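S.K.: This is the content of protein39.cif (mmCIF, C-alpha atoms):
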```cif
data_query
#
loop_
_atom_site.label_atom_id
_atom_site.label_comp_id
_atom_site.auth_asym_id
_atom_site.auth_seq_id
_atom_site.Cartn_x
_atom_site.Cartn_y
_atom_site.Cartn_z
CA MET S 1 16.99 17.55 61.48
CA ARG S 2 17.79 17.26 57.80
CA TRP S 3 16.52 13.69 57.58
CA ILE S 4 13.08 14.89 58.63
CA PHE S 5 12.90 17.18 55.61
CA VAL S 6 14.16 14.38 53.42
CA LEU S 7 11.48 12.05 54.74
CA SER S 8 8.77 14.70 54.31
CA GLY S 9 9.87 15.20 50.76
CA VAL S 10 9.69 11.48 50.09
CA ALA S 11 6.28 11.34 51.74
CA LEU S 12 5.00 14.20 49.59
CA ALA S 13 6.43 12.68 46.48
CA TYR S 14 4.46 9.50 47.14
CA GLY S 15 1.33 11.44 48.02
CA MET S 16 1.13 10.07 51.51
CA ALA S 17 0.60 13.48 53.02
CA MET S 18 -2.42 14.39 50.92
CA PRO S 19 -5.86 12.84 50.46
CA ALA S 20 -6.99 12.01 46.95
CA VAL S 21 -8.97 14.95 45.59
CA ALA S 22 -9.22 13.94 41.96
CA ALA S 23 -7.78 11.22 39.80
CA THR S 24 -5.46 13.03 37.48
CA TRP S 25 -3.22 10.93 35.28
CA GLN S 26 0.03 11.64 33.52
CA VAL S 27 0.17 10.12 30.07
CA ASP S 28 3.34 8.33 29.02
CA ALA S 29 3.55 9.64 25.46
CA ALA S 30 6.24 7.16 24.46
CA HIS S 31 3.99 4.18 25.15
CA SER S 32 0.65 5.66 24.17
CA THR S 33 -0.83 5.48 20.68
CA LEU S 34 -3.63 7.11 18.73
CA GLU S 35 -4.50 4.93 15.76
CA PHE S 36 -7.22 4.79 13.14
CA THR S 37 -8.28 2.18 10.63
CA ASN S 38 -9.85 2.96 7.29
CA SER S 39 -10.03 1.26 3.91
CA TYR S 40 -8.43 2.26 0.62
CA GLN S 41 -9.32 0.35 -2.55
CA ASP S 42 -11.09 -2.08 -0.20
CA VAL S 43 -7.85 -2.81 1.65
CA ARG S 44 -7.80 -1.93 5.33
CA TYR S 45 -4.90 0.14 6.53
CA THR S 46 -3.97 1.63 9.88
CA GLY S 47 -2.55 5.06 10.47
CA GLN S 48 -1.55 6.89 13.58
CA PHE S 49 -1.02 10.37 14.90
CA LYS S 50 2.38 10.30 16.51
CA ARG S 51 2.00 13.52 18.50
CA PHE S 52 -0.96 14.20 20.72
CA THR S 53 -1.52 15.41 24.25
CA ALA S 54 -4.13 14.08 26.65
CA LYS S 55 -5.25 15.53 29.96
CA ILE S 56 -7.02 12.75 31.79
CA ASP S 57 -9.03 13.09 35.00
CA TYR S 58 -10.65 9.76 35.58
CA ASP S 59 -11.92 7.75 38.51
CA PRO S 60 -14.39 5.02 37.57
CA ALA S 61 -16.11 5.58 40.93
CA ASP S 62 -16.55 9.30 40.27
CA LEU S 63 -17.57 9.75 36.64
CA ALA S 64 -19.18 13.12 37.44
CA HIS S 65 -15.71 14.62 37.75
CA ALA S 66 -14.08 12.73 34.90
CA LYS S 67 -12.71 14.67 31.98
CA PHE S 68 -10.65 13.92 28.86
CA ASP S 69 -9.09 16.74 26.90
CA VAL S 70 -7.09 15.60 23.87
CA GLY S 71 -5.18 17.68 21.35
CA VAL S 72 -3.90 16.04 18.18
CA ASP S 73 -1.13 17.31 15.93
CA ILE S 74 -2.62 16.46 12.52
CA THR S 75 0.76 16.89 10.82
CA SER S 76 2.09 13.92 12.78
CA LEU S 77 -0.05 11.60 10.63
CA ASP S 78 1.71 8.39 9.60
CA THR S 79 -0.01 5.70 7.50
CA GLN S 80 3.22 3.94 6.51
CA ASN S 81 2.99 5.27 2.98
CA SER S 82 4.59 8.64 2.25
CA GLU S 83 2.44 9.41 -0.84
CA ARG S 84 -0.73 8.68 1.08
CA ASP S 85 0.41 10.80 4.06
CA HIS S 86 1.27 13.68 1.78
CA ALA S 87 -2.10 13.47 0.02
CA ALA S 88 -4.02 13.06 3.29
CA LEU S 89 -2.51 16.23 4.76
CA GLY S 90 -3.33 18.24 1.62
CA ALA S 91 -6.28 20.55 1.08
CA ASN S 92 -8.52 17.76 -0.26
CA PHE S 93 -8.38 15.87 3.01
CA PHE S 94 -7.17 17.04 6.44
CA ASP S 95 -5.96 20.38 5.06
CA ALA S 96 -3.30 20.48 7.75
CA ALA S 97 -1.99 23.85 6.60
CA LYS S 98 -5.30 25.42 7.64
CA PHE S 99 -6.32 22.98 10.38
CA PRO S 100 -3.14 21.65 11.98
CA ARG S 101 -4.82 20.51 15.17
CA ALA S 102 -7.81 18.41 16.16
CA HIS S 103 -9.36 18.64 19.60
CA PHE S 104 -11.59 16.36 21.62
CA VAL S 105 -13.08 17.27 24.98
CA THR S 106 -15.62 15.36 27.00
CA THR S 107 -18.90 16.88 28.10
CA ALA S 108 -20.24 14.01 30.22
CA PHE S 109 -19.77 10.34 31.01
CA HIS S 110 -22.50 7.74 31.20
CA LYS S 111 -22.87 4.02 31.63
CA GLY S 112 -23.58 2.17 28.39
CA ALA S 113 -24.94 -1.29 27.74
CA GLY S 114 -23.42 -4.00 29.89
CA GLY S 115 -21.97 -1.54 32.37
CA THR S 116 -19.39 -0.13 29.98
CA VAL S 117 -18.44 3.49 30.32
CA VAL S 118 -19.15 5.89 27.48
CA ALA S 119 -17.60 9.32 27.23
CA ASP S 120 -19.70 11.92 25.42
CA GLY S 121 -17.72 14.72 23.94
CA THR S 122 -17.10 17.06 21.07
CA LEU S 123 -14.54 16.41 18.38
CA THR S 124 -13.30 19.37 16.38
CA LEU S 125 -11.60 18.21 13.22
CA ARG S 126 -10.90 20.24 10.08
CA GLY S 127 -12.79 23.12 11.70
CA ILE S 128 -15.98 21.08 12.12
CA SER S 129 -17.28 20.19 15.61
CA LYS S 130 -19.46 17.12 16.06
CA PRO S 131 -20.62 15.12 19.06
CA VAL S 132 -18.66 11.89 19.44
CA GLU S 133 -19.06 8.98 21.86
CA LEU S 134 -16.02 7.07 23.07
CA GLN S 135 -16.18 3.56 24.46
CA VAL S 136 -13.93 3.66 27.53
CA ARG S 137 -11.99 0.75 28.99
CA PHE S 138 -9.96 1.62 32.05
CA ALA S 139 -7.58 -0.84 33.68
CA PRO S 140 -5.79 0.36 36.83
CA HIS S 141 -2.76 -1.41 38.27
CA GLY S 142 -1.93 0.41 41.48
CA ASP S 143 -0.59 3.81 40.49
CA ASP S 144 -0.43 2.84 36.81
CA ALA S 145 -3.32 2.40 34.46
CA THR S 146 -4.15 1.89 30.82
CA LEU S 147 -7.03 3.68 29.17
CA ASP S 148 -8.38 2.38 25.87
CA VAL S 149 -10.91 4.46 24.00
CA THR S 150 -12.60 3.50 20.73
CA THR S 151 -15.02 5.25 18.45
CA GLN S 152 -16.37 5.10 14.91
CA LEU S 153 -16.27 8.24 12.82
CA LYS S 154 -17.32 9.06 9.29
CA ARG S 155 -14.68 11.02 7.44
CA LEU S 156 -17.30 12.81 5.32
CA ASP S 157 -18.92 14.24 8.50
CA PHE S 158 -15.76 16.29 8.88
CA GLY S 159 -15.28 17.15 5.21
CA ILE S 160 -12.24 14.89 4.87
CA GLY S 161 -12.34 14.19 1.15
CA SER S 162 -15.01 16.25 -0.59
CA GLY S 163 -15.99 16.58 -4.24
CA GLN S 164 -14.58 13.71 -6.28
CA TRP S 165 -12.85 12.37 -3.14
CA ALA S 166 -16.22 11.82 -1.46
CA ASP S 167 -16.34 8.56 -3.45
CA THR S 168 -16.40 5.97 -0.68
CA SER S 169 -15.77 3.05 -3.04
CA LEU S 170 -12.17 4.26 -3.26
CA ILE S 171 -11.64 5.55 0.29
CA GLY S 172 -14.01 4.17 2.91
CA ASP S 173 -16.18 6.58 4.88
CA ARG S 174 -16.02 4.69 8.18
CA VAL S 175 -12.98 5.24 10.32
CA THR S 176 -12.38 3.38 13.56
CA VAL S 177 -10.30 5.36 16.02
CA HIS S 178 -8.52 3.72 18.90
CA GLY S 179 -6.52 5.47 21.58
CA HIS S 180 -4.34 3.49 23.95
CA LEU S 181 -2.98 5.51 26.86
CA VAL S 182 -0.41 4.31 29.33
CA MET S 183 -0.70 6.46 32.43
CA THR S 184 0.69 7.04 35.88
CA ARG S 185 -1.23 8.66 38.70
CA ALA S 186 -0.13 12.28 38.94
CA ALA S 187 2.02 12.78 42.06
CA SER S 188 -0.26 15.32 43.74
CA THR S 189 -3.32 13.12 43.47
CA GLN S 190 -1.96 9.75 44.39
CA ALA S 191 -4.17 7.71 46.59
CA PRO S 192 -3.06 7.37 50.19
CA SER S 193 -1.25 4.09 50.37
CA HIS S 194 -1.85 1.68 53.23
CA MET K 1 -0.50 -32.83 -31.70
CA LEU K 2 -2.14 -29.77 -33.21
CA LEU K 3 -1.46 -27.44 -30.30
CA ARG K 4 2.27 -28.05 -30.29
CA SER K 5 5.05 -26.39 -32.20
CA THR K 6 6.71 -28.47 -34.89
CA GLU K 7 9.91 -28.38 -36.88
CA GLY K 8 8.10 -26.24 -39.45
CA GLY K 9 6.32 -23.67 -37.25
CA TRP K 10 5.03 -22.44 -33.92
CA GLY K 11 1.93 -24.08 -32.48
CA PRO K 12 -1.23 -22.05 -31.81
CA VAL K 13 -0.61 -21.98 -28.04
CA VAL K 14 2.78 -20.31 -28.43
CA ARG K 15 1.38 -17.84 -30.95
CA ALA K 16 -1.59 -16.99 -28.75
CA PHE K 17 0.72 -16.45 -25.76
CA HIS K 18 3.03 -14.29 -27.88
CA TRP K 19 0.34 -11.92 -29.14
CA LEU K 20 -1.66 -11.78 -25.93
CA VAL K 21 1.43 -10.85 -23.92
CA ALA K 22 2.55 -8.45 -26.68
CA VAL K 23 -0.75 -6.54 -26.65
CA LEU K 24 -0.77 -6.40 -22.84
CA ILE K 25 2.84 -5.16 -22.72
CA VAL K 26 2.18 -2.37 -25.23
CA ALA K 27 -0.98 -1.32 -23.34
CA GLN K 28 0.83 -1.59 -20.02
CA GLY K 29 3.72 0.58 -21.21
CA ALA K 30 1.34 3.24 -22.53
CA ILE K 31 -0.72 3.24 -19.31
CA GLY K 32 2.45 3.44 -17.22
CA LEU K 33 3.80 6.42 -19.16
CA VAL K 34 0.49 8.29 -18.98
CA MET K 35 -0.40 7.55 -15.35
CA VAL K 36 2.77 8.96 -13.81
CA ASP K 37 1.98 12.40 -15.23
CA MET K 38 -1.65 12.48 -14.10
CA GLY K 39 -2.69 14.90 -11.37
CA LEU K 40 -3.81 13.31 -8.12
CA THR K 41 -7.46 12.39 -8.71
CA PRO K 42 -9.50 9.27 -8.00
CA ALA K 43 -9.07 8.49 -11.72
CA LYS K 44 -5.29 8.38 -11.28
CA LEU K 45 -5.61 5.93 -8.40
CA ARG K 46 -7.88 3.72 -10.53
CA VAL K 47 -5.45 3.83 -13.45
CA PHE K 48 -2.63 2.82 -11.09
CA ALA K 49 -4.78 -0.06 -9.84
CA LEU K 50 -5.39 -1.11 -13.48
CA HIS K 51 -1.65 -0.97 -14.24
CA LYS K 52 -0.94 -3.23 -11.25
CA SER K 53 -3.66 -5.70 -12.27
CA ILE K 54 -2.39 -5.88 -15.86
CA GLY K 55 1.18 -6.30 -14.59
CA LEU K 56 0.19 -9.26 -12.40
CA THR K 57 -1.70 -10.73 -15.37
CA ILE K 58 1.40 -10.43 -17.56
CA LEU K 59 3.51 -12.08 -14.86
CA ALA K 60 1.11 -15.04 -14.63
CA LEU K 61 0.85 -15.37 -18.42
CA VAL K 62 4.62 -15.25 -18.87
CA LEU K 63 5.11 -17.97 -16.25
CA LEU K 64 2.55 -20.15 -18.04
CA ARG K 65 4.13 -19.32 -21.37
CA ILE K 66 7.61 -20.33 -20.18
CA ALA K 67 6.23 -23.53 -18.66
CA TRP K 68 4.56 -24.37 -21.98
CA ARG K 69 7.68 -23.52 -24.02
CA LEU K 70 9.83 -25.79 -21.85
CA THR K 71 7.72 -28.76 -22.90
CA GLU K 72 8.13 -28.37 -26.63
CA ARG K 73 10.69 -27.83 -29.36
CA ARG K 74 11.26 -24.68 -31.32
CA PRO K 75 10.94 -24.65 -35.12
CA THR K 76 14.16 -24.89 -37.06
CA ASP K 77 15.81 -21.69 -38.15
CA PRO K 78 15.86 -20.73 -41.85
CA PRO K 79 18.73 -22.63 -43.46
CA ALA K 80 20.34 -19.44 -44.73
CA MET K 81 20.67 -18.03 -41.20
CA PRO K 82 24.34 -17.89 -40.10
CA HIS K 83 25.36 -19.44 -36.83
CA TRP K 84 26.02 -16.11 -35.05
CA GLN K 85 22.54 -14.88 -35.90
CA ARG K 86 21.00 -18.04 -34.44
CA ARG K 87 22.97 -17.48 -31.24
CA MET K 88 21.96 -13.80 -31.12
CA ALA K 89 18.31 -14.71 -31.65
CA ARG K 90 18.40 -17.26 -28.78
CA ALA K 91 20.11 -14.72 -26.49
CA MET K 92 17.58 -12.06 -27.44
CA HIS K 93 14.62 -14.32 -26.71
CA ILE K 94 16.01 -15.39 -23.35
CA ALA K 95 16.65 -11.72 -22.48
CA LEU K 96 13.07 -10.84 -23.46
CA TYR K 97 11.66 -13.62 -21.29
CA LEU K 98 13.79 -12.49 -18.34
CA LEU K 99 12.73 -8.86 -18.81
CA ILE K 100 9.01 -9.54 -19.05
CA LEU K 101 9.32 -11.54 -15.83
CA ALA K 102 11.49 -8.97 -14.07
CA LEU K 103 9.33 -5.97 -15.00
CA PRO K 104 6.17 -7.05 -13.19
CA LEU K 105 8.24 -8.41 -10.31
CA SER K 106 10.04 -5.07 -9.90
CA GLY K 107 6.68 -3.27 -10.01
CA TRP K 108 5.31 -5.63 -7.36
CA TRP K 109 8.42 -4.98 -5.29
CA PHE K 110 8.03 -1.20 -5.64
CA ASN K 111 4.34 -1.39 -4.76
CA SER K 112 5.17 -3.50 -1.70
CA ALA K 113 7.92 -1.14 -0.52
CA ALA K 114 5.53 1.80 -0.95
CA ASN K 115 2.93 -0.10 1.12
CA ALA K 116 0.28 0.50 -1.53
CA PRO K 117 -2.70 -1.81 -1.96
CA LEU K 118 -2.44 -4.60 -4.51
CA VAL K 119 -5.78 -6.11 -5.48
CA TRP K 120 -6.07 -8.03 -8.75
CA PHE K 121 -8.93 -6.33 -10.64
CA GLY K 122 -10.66 -5.70 -7.32
CA LEU K 123 -11.03 -9.45 -6.76
CA PHE K 124 -8.32 -10.61 -4.37
CA ASP K 125 -5.46 -9.24 -2.33
CA VAL K 126 -1.95 -10.01 -3.50
CA PRO K 127 0.56 -10.22 -0.65
CA SER K 128 3.39 -7.79 -0.06
CA LEU K 129 6.93 -8.81 -0.98
CA THR K 130 8.43 -6.67 1.78
CA HIS K 131 6.16 -7.35 4.78
CA GLY K 132 4.93 -3.77 4.90
CA TYR K 133 6.36 -0.32 4.32
CA ALA K 134 10.04 -0.33 3.31
CA PRO K 135 10.89 3.26 2.44
CA ALA K 136 14.60 2.51 2.00
CA TRP K 137 13.88 0.07 -0.86
CA LYS K 138 11.29 2.26 -2.55
CA PRO K 139 13.57 4.46 -4.68
CA ARG K 140 15.71 1.47 -5.69
CA ALA K 141 12.70 -0.59 -6.73
CA LEU K 142 11.29 2.32 -8.73
CA LEU K 143 14.62 2.95 -10.45
CA LEU K 144 14.88 -0.75 -11.32
CA HIS K 145 11.29 -0.82 -12.65
CA GLU K 146 11.94 2.20 -14.87
CA ALA K 147 15.36 1.00 -16.04
CA LEU K 148 13.97 -2.42 -16.95
CA PHE K 149 11.12 -0.74 -18.83
CA TRP K 150 13.44 1.31 -21.01
CA LEU K 151 15.69 -1.71 -21.56
CA LEU K 152 12.62 -3.65 -22.69
CA VAL K 153 11.66 -0.82 -25.07
CA ALA K 154 15.16 -0.97 -26.59
CA LEU K 155 15.11 -4.77 -26.95
CA LEU K 156 11.59 -4.69 -28.44
CA VAL K 157 12.79 -2.24 -31.09
CA VAL K 158 15.50 -4.75 -32.03
CA HIS K 159 13.04 -7.69 -31.81
CA VAL K 160 10.47 -6.04 -34.10
CA GLY K 161 13.23 -4.76 -36.37
CA ALA K 162 14.68 -8.26 -36.69
CA ALA K 163 11.25 -9.75 -37.46
CA LEU K 164 10.67 -7.15 -40.20
CA TRP K 165 14.19 -7.67 -41.52
CA HIS K 166 13.57 -11.41 -41.78
CA HIS K 167 10.31 -10.80 -43.61
CA PHE K 168 11.22 -8.00 -46.00
CA LYS K 169 14.97 -8.40 -46.52
CA GLN K 170 15.59 -12.12 -46.02
CA ARG K 171 12.14 -13.06 -47.28
CA ASP K 172 12.05 -16.06 -44.94
CA ASP K 173 9.10 -17.23 -42.82
CA VAL K 174 10.37 -16.18 -39.37
CA LEU K 175 7.69 -13.49 -38.99
CA LYS K 176 4.91 -15.37 -40.79
CA ARG K 177 5.19 -18.46 -38.63
CA MET K 178 4.42 -16.36 -35.53
CA LEU K 179 1.31 -14.77 -37.05
CA LEU K 180 -2.13 -15.88 -35.94
CA GLY K 181 -4.45 -17.82 -38.18
CA PRO K 182 -4.06 -21.22 -39.80
CA ARG K 183 -0.70 -22.87 -39.29
CA ARG K 184 1.87 -21.82 -41.84
CA LYS K 185 4.54 -24.31 -42.77
CA SER K 186 7.94 -23.31 -43.99
CA GLY K 187 7.92 -23.48 -47.75
CA ASP K 188 4.21 -22.55 -47.96
CA THR K 189 5.04 -19.11 -49.30
#
```
Would you mind writing the structure in this file as structure tokens?

M.R.:
Amino acid sequence: MRWIFVLSGVALAYGMAMPAVAATWQVDAAHSTLEFTNSYQDVRYTGQFKRFTAKIDYDPADLAHAKFDVGVDITSLDTQNSERDHAALGANFFDAAKFPRAHFVTTAFHKGAGGTVVADGTLTLRGISKPVELQVRFAPHGDDATLDVTTQLKRLDFGIGSGQWADTSLIGDRVTVHGHLVMTRAASTQAPSH
Amino acid sequence: MLLRSTEGGWGPVVRAFHWLVAVLIVAQGAIGLVMVDMGLTPAKLRVFALHKSIGLTILALVLLRIAWRLTERRPTDPPAMPHWQRRMARAMHIALYLLILALPLSGWWFNSAANAPLVWFGLFDVPSLTHGYAPAWKPRALLLHEALFWLLVALLVVHVGAALWHHFKQRDDVLKRMLLGPRRKSGDT
């Protein structure tokens, strides 16, 4: 009899026993990145937040039930320049002591120009919440998928660098954010195979 | 040829290089000493950018200066100068050339290791010497840059002291023949 239980367990683990109810994805943090590009003294540089969490429900055929919920540990900032990181986390910029986390959550998804998917959501950064649109590119490979999201932000919209630091000739206002998520279909929601 | 140095004195090109580089080095040293104590403001970042641009300018001028010097003779030493002093003077000048090359190079190295931007007077990007951030080299490059600076200060004190000594104690033309203005020939005093 024991082999029956073993087989049932295997079947459950592969999701064969359950129909797909939602497309929930587990994010592989080790292979996922959250990067941004900005300019400093007219030289472009890229930074990243090394620690973030992302809850992803996404099925391109069912955008009504899609949802992204992303939390970012601001203190995990890394721009490959320790002085710049230190300054960026200080009160003049991200003020990480007061606002250690940023949060993005989607409110709706819609189709953009050329059939692309756009996620509408709210970004809360440095205590300021603003609507933000993400360009979404989803590439499934069986039970794995990659999700690339891109958006353009303005640092001054979120009070990152005020007063004398609002000078955009020194530090550019426009920031391009790019998230690259490597994901696996969550076990309980795997599509029935075969 | 009028631009060249002769047996009797330095040519105008050498003298122009000498004083241009001298003025830039004094300004550069003063800016460097002031900027490190500034609080973090946009002004500080601009002063750092200026220091880097002047440093690259000095590096380019010194390379041109050495190239020029290699093509021409040096004036003869005052006849009263003993052999050991001539050797010391040559060694001192070679050391000064090496230092004013090494100082901007060490600054460029430090800037590269720190992954800071390097744009010559806002006009063009200068490449990194370390292919990006190299935190392990950063403290070493900074220490080298500072050590070379203080070594240069010490050698410049000797250099200026020797020039004044030649002029006021020896009463020879070693200082005068480096001054700007119409060419002075030895024996014109």

S.K.: Run the PyMOL selection byres ((chain S) within 10 of (chain K)) on the file and write out the hits as an NGL selection string.

M.R.: :S and (39-45 or 79-84 or 87 or 164-167 or 170-171)

S.K.: So that I can check the surroundings of Thr146 in chain S, please list as number ranges by chain every protein, DNA and RNA residue that reaches within 10 Å of it, counting only C-alpha atoms and ignoring chain neighbours fewer than 6 positions away.

M.R.: S: 27, 32, 137-140, 180-184

S.K.: Could you check which residues have any atom within 6 Å of (-3.7, 10.2, 37.6), counting all atoms listed in the file with coordinates taken straight from the file, and then list them as a PyMOL selection string?

M.R.: chain S and resi 23-26+184-186

S.K.: Report as a PDB file with C-alpha atoms, in the coordinates of the input the full result of the PyMOL selection byres ((chain K and resi 149) around 12) when it is applied to this structure.

M.R.:
```pdb
ATOM      1  CA  ILE K  25       2.840  -5.160 -22.720  1.00  0.00           C
ATOM      2  CA  VAL K  26       2.180  -2.370 -25.230  1.00  0.00           C
ATOM      3  CA  GLN K  28       0.830  -1.590 -20.020  1.00  0.00           C
ATOM      4  CA  GLY K  29       3.720   0.580 -21.210  1.00  0.00           C
ATOM      5  CA  ALA K  30       1.340   3.240 -22.530  1.00  0.00           C
ATOM      6  CA  GLY K  32       2.450   3.440 -17.220  1.00  0.00           C
ATOM      7  CA  LEU K  33       3.800   6.420 -19.160  1.00  0.00           C
ATOM      8  CA  LEU K  96      13.070 -10.840 -23.460  1.00  0.00           C
ATOM      9  CA  LEU K  99      12.730  -8.860 -18.810  1.00  0.00           C
ATOM     10  CA  ILE K 100       9.010  -9.540 -19.050  1.00  0.00           C
ATOM     11  CA  LEU K 101       9.320 -11.540 -15.830  1.00  0.00           C
ATOM     12  CA  ALA K 102      11.490  -8.970 -14.070  1.00  0.00           C
ATOM     13  CA  LEU K 103       9.330  -5.970 -15.000  1.00  0.00           C
ATOM     14  CA  PRO K 104       6.170  -7.050 -13.190  1.00  0.00           C
ATOM     15  CA  LEU K 105       8.240  -8.410 -10.310  1.00  0.00           C
ATOM     16  CA  SER K 106      10.040  -5.070  -9.900  1.00  0.00           C
ATOM     17  CA  GLY K 107       6.680  -3.270 -10.010  1.00  0.00           C
ATOM     18  CA  LEU K 142      11.290   2.320  -8.730  1.00  0.00           C
ATOM     19  CA  LEU K 143      14.620   2.950 -10.450  1.00  0.00           C
ATOM     20  CA  LEU K 144      14.880  -0.750 -11.320  1.00  0.00           C
ATOM     21  CA  HIS K 145      11.290  -0.820 -12.650  1.00  0.00           C
ATOM     22  CA  GLU K 146      11.940   2.200 -14.870  1.00  0.00           C
ATOM     23  CA  ALA K 147      15.360   1.000 -16.040  1.00  0.00           C
ATOM     24  CA  LEU K 148      13.970  -2.420 -16.950  1.00  0.00           C
ATOM     25  CA  TRP K 150      13.440   1.310 -21.010  1.00  0.00           C
ATOM     26  CA  LEU K 151      15.690  -1.710 -21.560  1.00  0.00           C
ATOM     27  CA  LEU K 152      12.620  -3.650 -22.690  1.00  0.00           C
ATOM     28  CA  VAL K 153      11.660  -0.820 -25.070  1.00  0.00           C
ATOM     29  CA  ALA K 154      15.160  -0.970 -26.590  1.00  0.00           C
ATOM     30  CA  LEU K 155      15.110  -4.770 -26.950  1.00  0.00           C
ATOM     31  CA  LEU K 156      11.590  -4.690 -28.440  1.00  0.00           C
TER      32      LEU K 156
END
```

S.K.: Point out the residue among K:Val158, K:Val13, K:Leu2, K:Ile58 with the least atom-to-atom distance to Leu179 in chain K, counting all atoms listed in the file.

M.R.: K:Val13

S.K.: Provide the CA of Ile74 in chain S to CA of Lys154 in chain S distance in Å, to one decimal place.

M.R.: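 Separation between CA of Ile74 in chain S and CA of Lys154 in chain S: 16.8 Å.
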
S.K.: Which residues fall under the PyMOL selection byres ((chain K and resi 53) around 8) in this file, as a ChimeraX atom specification?

M.R.: /K:49-52,54-57,118-121

S.K.: What's the separation between CA of Val117 in chain S and CA of Gln135 in chain S, in Å to one decimal place?

M.R.: 6.3 Å

S.K.: Can you pull out every residue within 6 Å of range 96-107 of chain S, counting all atoms listed in the file, but drop anything in the same chain fewer than 6 positions away, and send it as a list in words?

M.R.: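 Once the adjacent positions are removed, what remains is Lys67, Phe68, Asp69, Val70, Gly71, Val72, Asp73, Ile74, Leu89, Asp120, Gly121, Thr122, Leu123, Thr124, Leu125 and Arg126 of chain S.
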
S.K.: Enter the distance from CA of Arg174 in chain S to CA of Ala113 in chain S, in Å, rounded to one decimal.

M.R.: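 Separation between CA of Arg174 in chain S and CA of Ala113 in chain S: 22.3 Å.
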
S.K.: Have a look at K:Leu59, K:Leu70, K:Leu129, K:Ala16 and name the one nearest to Leu98 in chain K; count all atoms listed in the file.

M.R.: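 Counting all atoms listed in the file, the residue closest to Leu98 in chain K is K:Leu59.
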
S.K.: Which of these residues is nearest to Thr130 in chain K, using all atoms listed in the file: K:Thr6, K:Gln170, K:Thr71, K:Asn111?

M.R.: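 Distance minimum relative to Thr130 in chain K lands on K:Asn111.
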